[in-house]
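A.B. asks: My file is coords15.pdb. It has PDB, C-alpha atoms:
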MODEL        1
ATOM      1  CA  MET A 244     -30.240   1.697  23.581
ATOM      2  CA  THR A 245     -31.983   0.490  26.689
ATOM      3  CA  ASP A 246     -29.240  -1.540  28.411
ATOM      4  CA  ALA A 247     -25.515  -0.745  28.282
ATOM      5  CA  ARG A 248     -24.786  -4.476  28.223
ATOM      6  CA  ARG A 249     -27.093  -5.116  25.268
ATOM      7  CA  PRO A 250     -26.239  -2.700  22.467
ATOM      8  CA  GLU A 251     -28.542  -2.033  19.577
ATOM      9  CA  PRO A 252     -27.562  -4.367  16.762
ATOM     10  CA  LEU A 253     -25.400  -2.881  14.083
ATOM     11  CA  PRO A 254     -27.460  -2.575  10.889
ATOM     12  CA  SER A 255     -26.347  -5.295   8.466
ATOM     13  CA  GLU A 256     -25.481  -2.743   5.767
ATOM     14  CA  LEU A 257     -23.211  -0.826   8.148
ATOM     15  CA  GLU A 258     -21.627  -4.051   9.378
ATOM     16  CA  ALA A 259     -20.954  -5.097   5.775
ATOM     17  CA  THR A 260     -19.404  -1.733   4.945
ATOM     18  CA  ILE A 261     -17.079  -1.942   7.939
ATOM     19  CA  ALA A 262     -16.054  -5.457   6.869
ATOM     20  CA  GLU A 263     -15.355  -4.232   3.316
ATOM     21  CA  ILE A 264     -13.146  -1.437   4.623
ATOM     22  CA  PHE A 265     -11.182  -3.957   6.673
ATOM     23  CA  GLU A 266     -10.789  -6.238   3.650
ATOM     24  CA  ARG A 267      -9.119  -3.385   1.723
ATOM     25  CA  ARG A 268      -6.970  -2.234   4.659
ATOM     26  CA  ASP A 269      -3.207  -2.055   4.182
ATOM     27  CA  ARG A 270      -1.537  -1.621   7.571
ATOM     28  CA  GLU A 271       1.492  -0.026   5.879
ATOM     29  CA  HIS A 272      -0.679   2.631   4.182
ATOM     30  CA  MET A 273      -3.574   3.434   6.474
ATOM     31  CA  GLN A 274      -4.736   6.724   4.929
ATOM     32  CA  PRO A 275      -7.239   5.068   2.554
ATOM     33  CA  THR A 276      -8.708   3.176   5.516
ATOM     34  CA  ILE A 277      -8.853   6.347   7.609
ATOM     35  CA  ASP A 278     -10.540   8.172   4.736
ATOM     36  CA  ALA A 279     -13.064   5.355   4.277
ATOM     37  CA  PHE A 280     -13.973   5.343   7.970
ATOM     38  CA  LEU A 281     -14.208   9.149   8.054
ATOM     39  CA  GLY A 282     -16.601   8.938   5.097
ATOM     40  CA  LEU A 283     -18.627   6.329   6.937
ATOM     41  CA  LEU A 284     -18.681   8.566  10.015
ATOM     42  CA  ALA A 285     -20.024  11.416   7.881
ATOM     43  CA  GLU A 286     -22.889   9.096   6.866
ATOM     44  CA  HIS A 287     -23.428   7.874  10.450
ATOM     45  CA  PRO A 288     -22.440  10.796  12.696
ATOM     46  CA  GLY A 289     -22.158   9.925  16.343
ATOM     47  CA  ARG A 290     -22.487   6.181  15.770
ATOM     48  CA  PRO A 291     -20.227   4.768  18.519
ATOM     49  CA  GLU A 292     -19.038   1.755  16.522
ATOM     50  CA  VAL A 293     -17.911   3.961  13.651
ATOM     51  CA  LEU A 294     -16.186   6.408  15.998
ATOM     52  CA  TYR A 295     -14.333   3.422  17.466
ATOM     53  CA  GLU A 296     -13.265   2.199  14.008
ATOM     54  CA  VAL A 297     -11.982   5.660  13.047
ATOM     55  CA  GLY A 298      -9.960   5.679  16.257
ATOM     56  CA  GLY A 299      -8.606   2.225  15.514
ATOM     57  CA  ALA A 300      -7.536   3.258  12.028
ATOM     58  CA  TYR A 301      -5.667   6.273  13.364
ATOM     59  CA  ASP A 302      -4.143   4.083  16.080
ATOM     60  CA  THR A 303      -2.867   1.573  13.506
ATOM     61  CA  ALA A 304      -1.400   4.481  11.535
ATOM     62  CA  GLY A 305       0.592   5.520  14.605
ATOM     63  CA  GLU A 306      -1.499   8.630  15.228
ATOM     64  CA  GLU A 307      -2.274   7.802  18.843
ATOM     65  CA  GLU A 308      -3.233  11.330  19.933
ATOM     66  CA  THR A 309      -5.928  11.488  17.241
ATOM     67  CA  ALA A 310      -7.013   7.924  17.980
ATOM     68  CA  ALA A 311      -7.486   8.754  21.667
ATOM     69  CA  GLY A 312     -10.008  11.463  20.830
ATOM     70  CA  TYR A 313     -12.086   9.108  18.715
ATOM     71  CA  TYR A 314     -11.968   6.377  21.361
ATOM     72  CA  GLU A 315     -13.164   8.884  23.963
ATOM     73  CA  SER A 316     -15.962  10.012  21.628
ATOM     74  CA  ALA A 317     -17.013   6.396  21.021
ATOM     75  CA  LEU A 318     -17.177   5.762  24.757
ATOM     76  CA  ALA A 319     -19.166   8.955  25.339
ATOM     77  CA  ALA A 320     -21.557   8.023  22.510
ATOM     78  CA  GLY A 321     -22.550   4.818  24.302
ATOM     79  CA  LEU A 322     -20.302   2.101  22.927
ATOM     80  CA  ALA A 323     -21.371  -1.203  24.444
ATOM     81  CA  GLY A 324     -20.894  -4.951  24.384
ATOM     82  CA  GLU A 325     -17.867  -6.612  22.847
ATOM     83  CA  THR A 326     -16.919  -3.451  20.972
ATOM     84  CA  LEU A 327     -16.783  -1.576  24.281
ATOM     85  CA  ARG A 328     -14.383  -4.180  25.664
ATOM     86  CA  LYS A 329     -12.158  -3.940  22.573
ATOM     87  CA  CYS A 330     -12.208  -0.144  22.697
ATOM     88  CA  LEU A 331     -11.219  -0.056  26.352
ATOM     89  CA  LEU A 332      -8.296  -2.399  25.640
ATOM     90  CA  GLN A 333      -7.087  -0.409  22.650
ATOM     91  CA  TYR A 334      -7.624   2.941  24.342
ATOM     92  CA  GLY A 335      -5.750   1.789  27.431
ATOM     93  CA  SER A 336      -2.835   0.695  25.277
ATOM     94  CA  THR A 337      -2.892   3.988  23.393
ATOM     95  CA  LEU A 338      -2.855   5.966  26.633
ATOM     96  CA  ARG A 339       0.139   3.927  27.800
ATOM     97  CA  LEU A 340       1.973   4.710  24.546
ATOM     98  CA  LEU A 341       1.190   8.390  25.086
ATOM     99  CA  GLY A 342       2.720   8.215  28.585
ATOM    100  CA  ARG A 343      -0.649   8.652  30.289
ATOM    101  CA  LEU A 344      -0.154   5.650  32.587
ATOM    102  CA  GLU A 345      -2.671   6.538  35.297
ATOM    103  CA  GLU A 346      -5.417   6.941  32.716
ATOM    104  CA  SER A 347      -4.375   3.645  31.138
ATOM    105  CA  VAL A 348      -4.724   1.846  34.473
ATOM    106  CA  ALA A 349      -8.131   3.461  35.004
ATOM    107  CA  ARG A 350      -9.269   2.164  31.585
ATOM    108  CA  ALA A 351      -8.021  -1.326  32.503
ATOM    109  CA  ARG A 352     -10.232  -1.161  35.570
ATOM    110  CA  GLY A 353     -13.070  -0.087  33.294
ATOM    111  CA  ILE A 354     -12.669  -3.305  31.348
ATOM    112  CA  ARG A 355     -13.255  -5.302  34.510
ATOM    113  CA  ARG A 356     -16.410  -3.301  35.244
ATOM    114  CA  ALA A 357     -17.621  -3.691  31.643
ATOM    115  CA  LEU A 358     -17.233  -7.469  31.854
ATOM    116  CA  SER A 359     -18.956  -7.879  35.210
TER     117      SER A 359
ENDMDL
END
Using structure tokens, write down the structure that the file contains.

C.D. replies:
Amino acid sequence: MTDARRPEPLPSELEATIAEIFERRDREHMQPTIDAFLGLLAEHPGRPEVLYEVGGAYDTAGEEETAAGYYESALAAGLAGETLRKCLLQYGSTLRLLGRLEESVARARGIRRALS
């Protein structure tokens, strides 16, 4: 990745797999989705978009503490573009739910920097 504002394109096969996992998602029973994204992460270790999706699945399941770790890993791995913006929003909300308000505000400020 040469420019934080211009992420490397997601390979079409990976993008299709993520879409398939979302198509099968049941928000009332998130464990199969979590398992699918963890499997995808095993195939693509350190891929920021996949780390973000694992975090999102845990977040939807109400496992905010676990989600926060994956969001932080996705950010550290170089998440960029629109997915970065979405991650910062979700992570900020998760931090707020966890009572970590100052960190949540800091992430909100990060969104502004990411968009400018």

A.B. asks: Assuming the chain letters and numbering stay as they are in my file, what does the PyMOL selection byres ((chain A and resi 260-274) around 12) actually select? List them as number ranges by chain.

C.D. replies: A: 253-259, 275-284, 286-287, 292-306

A.B. asks: What does the structure give for the distance between CA of Gly324 (chain A) and CA of Arg352 (chain A), in Å to one decimal?

C.D. replies: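 These two atoms are separated by 15.9 Å.
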
A.B. asks: Select, from A:Ala310, A:Leu318, A:Val348, A:Ala323, the residue with the minimum atom-to-atom distance to Gly335 (chain A), counting all atoms listed in the file.

C.D. replies: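 Residue with the minimum atom-to-atom distance to Gly335 (chain A): A:Val348.
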
A.B. asks: I need every residue sitting at most 9 Å from the point (-18.6, -0.9, 22.8) (coordinates as in the file, only C-alpha atoms considered), written as a list in words.

C.D. replies: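 Those residues, ordered by chain and then number, are Ala247, Arg248, Pro250, Pro291, Glu292, Tyr295, Ala317, Leu318, Gly321, Leu322, Ala323, Gly324, Glu325, Thr326, Leu327, Arg328, Lys329, Cys330 and Leu331 of chain A.
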
A.B. asks: Quote the spacing between CA of Leu340 (chain A) and CA of Gly289 (chain A) in Å to one decimal place.

C.D. replies: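 We find that CA of Leu340 (chain A) and CA of Gly289 (chain A) lie 26.0 Å from each other.
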
A.B. asks: Return as a JSON list (two decimals) with C-alpha atoms, in the frame of the given file the set of residues that the PyMOL selection byres ((chain A and resi 343-347) around 12) yields on the displayed structure.

C.D. replies:
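The result, written out as out.json:
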[["chain", "number", "residue", "atom", "x", "y", "z"],
["A", 307, "GLU", "CA", -2.27, 7.80, 18.84],
["A", 308, "GLU", "CA", -3.23, 11.33, 19.93],
["A", 311, "ALA", "CA", -7.49, 8.75, 21.67],
["A", 315, "GLU", "CA", -13.16, 8.88, 23.96],
["A", 331, "LEU", "CA", -11.22, -0.06, 26.35],
["A", 332, "LEU", "CA", -8.30, -2.40, 25.64],
["A", 333, "GLN", "CA", -7.09, -0.41, 22.65],
["A", 334, "TYR", "CA", -7.62, 2.94, 24.34],
["A", 335, "GLY", "CA", -5.75, 1.79, 27.43],
["A", 336, "SER", "CA", -2.84, 0.70, 25.28],
["A", 337, "THR", "CA", -2.89, 3.99, 23.39],
["A", 338, "LEU", "CA", -2.86, 5.97, 26.63],
["A", 339, "ARG", "CA", 0.14, 3.93, 27.80],
["A", 340, "LEU", "CA", 1.97, 4.71, 24.55],
["A", 341, "LEU", "CA", 1.19, 8.39, 25.09],
["A", 342, "GLY", "CA", 2.72, 8.22, 28.58],
["A", 348, "VAL", "CA", -4.72, 1.85, 34.47],
["A", 349, "ALA", "CA", -8.13, 3.46, 35.00],
["A", 350, "ARG", "CA", -9.27, 2.16, 31.58],
["A", 351, "ALA", "CA", -8.02, -1.33, 32.50],
["A", 352, "ARG", "CA", -10.23, -1.16, 35.57],
["A", 353, "GLY", "CA", -13.07, -0.09, 33.29],
["A", 354, "ILE", "CA", -12.67, -3.30, 31.35]]

A.B. asks: So for region 267-285 of chain A, what box centre and size do we get, axis-aligned, 4 Å extra on each of the six sides, every listed atom, Å to one decimal, as JSON?

C.D. replies:
{"center_x": -9.3, "center_y": 4.0, "center_z": 5.9, "size_x": 29.5, "size_y": 22.8, "size_z": 16.3}
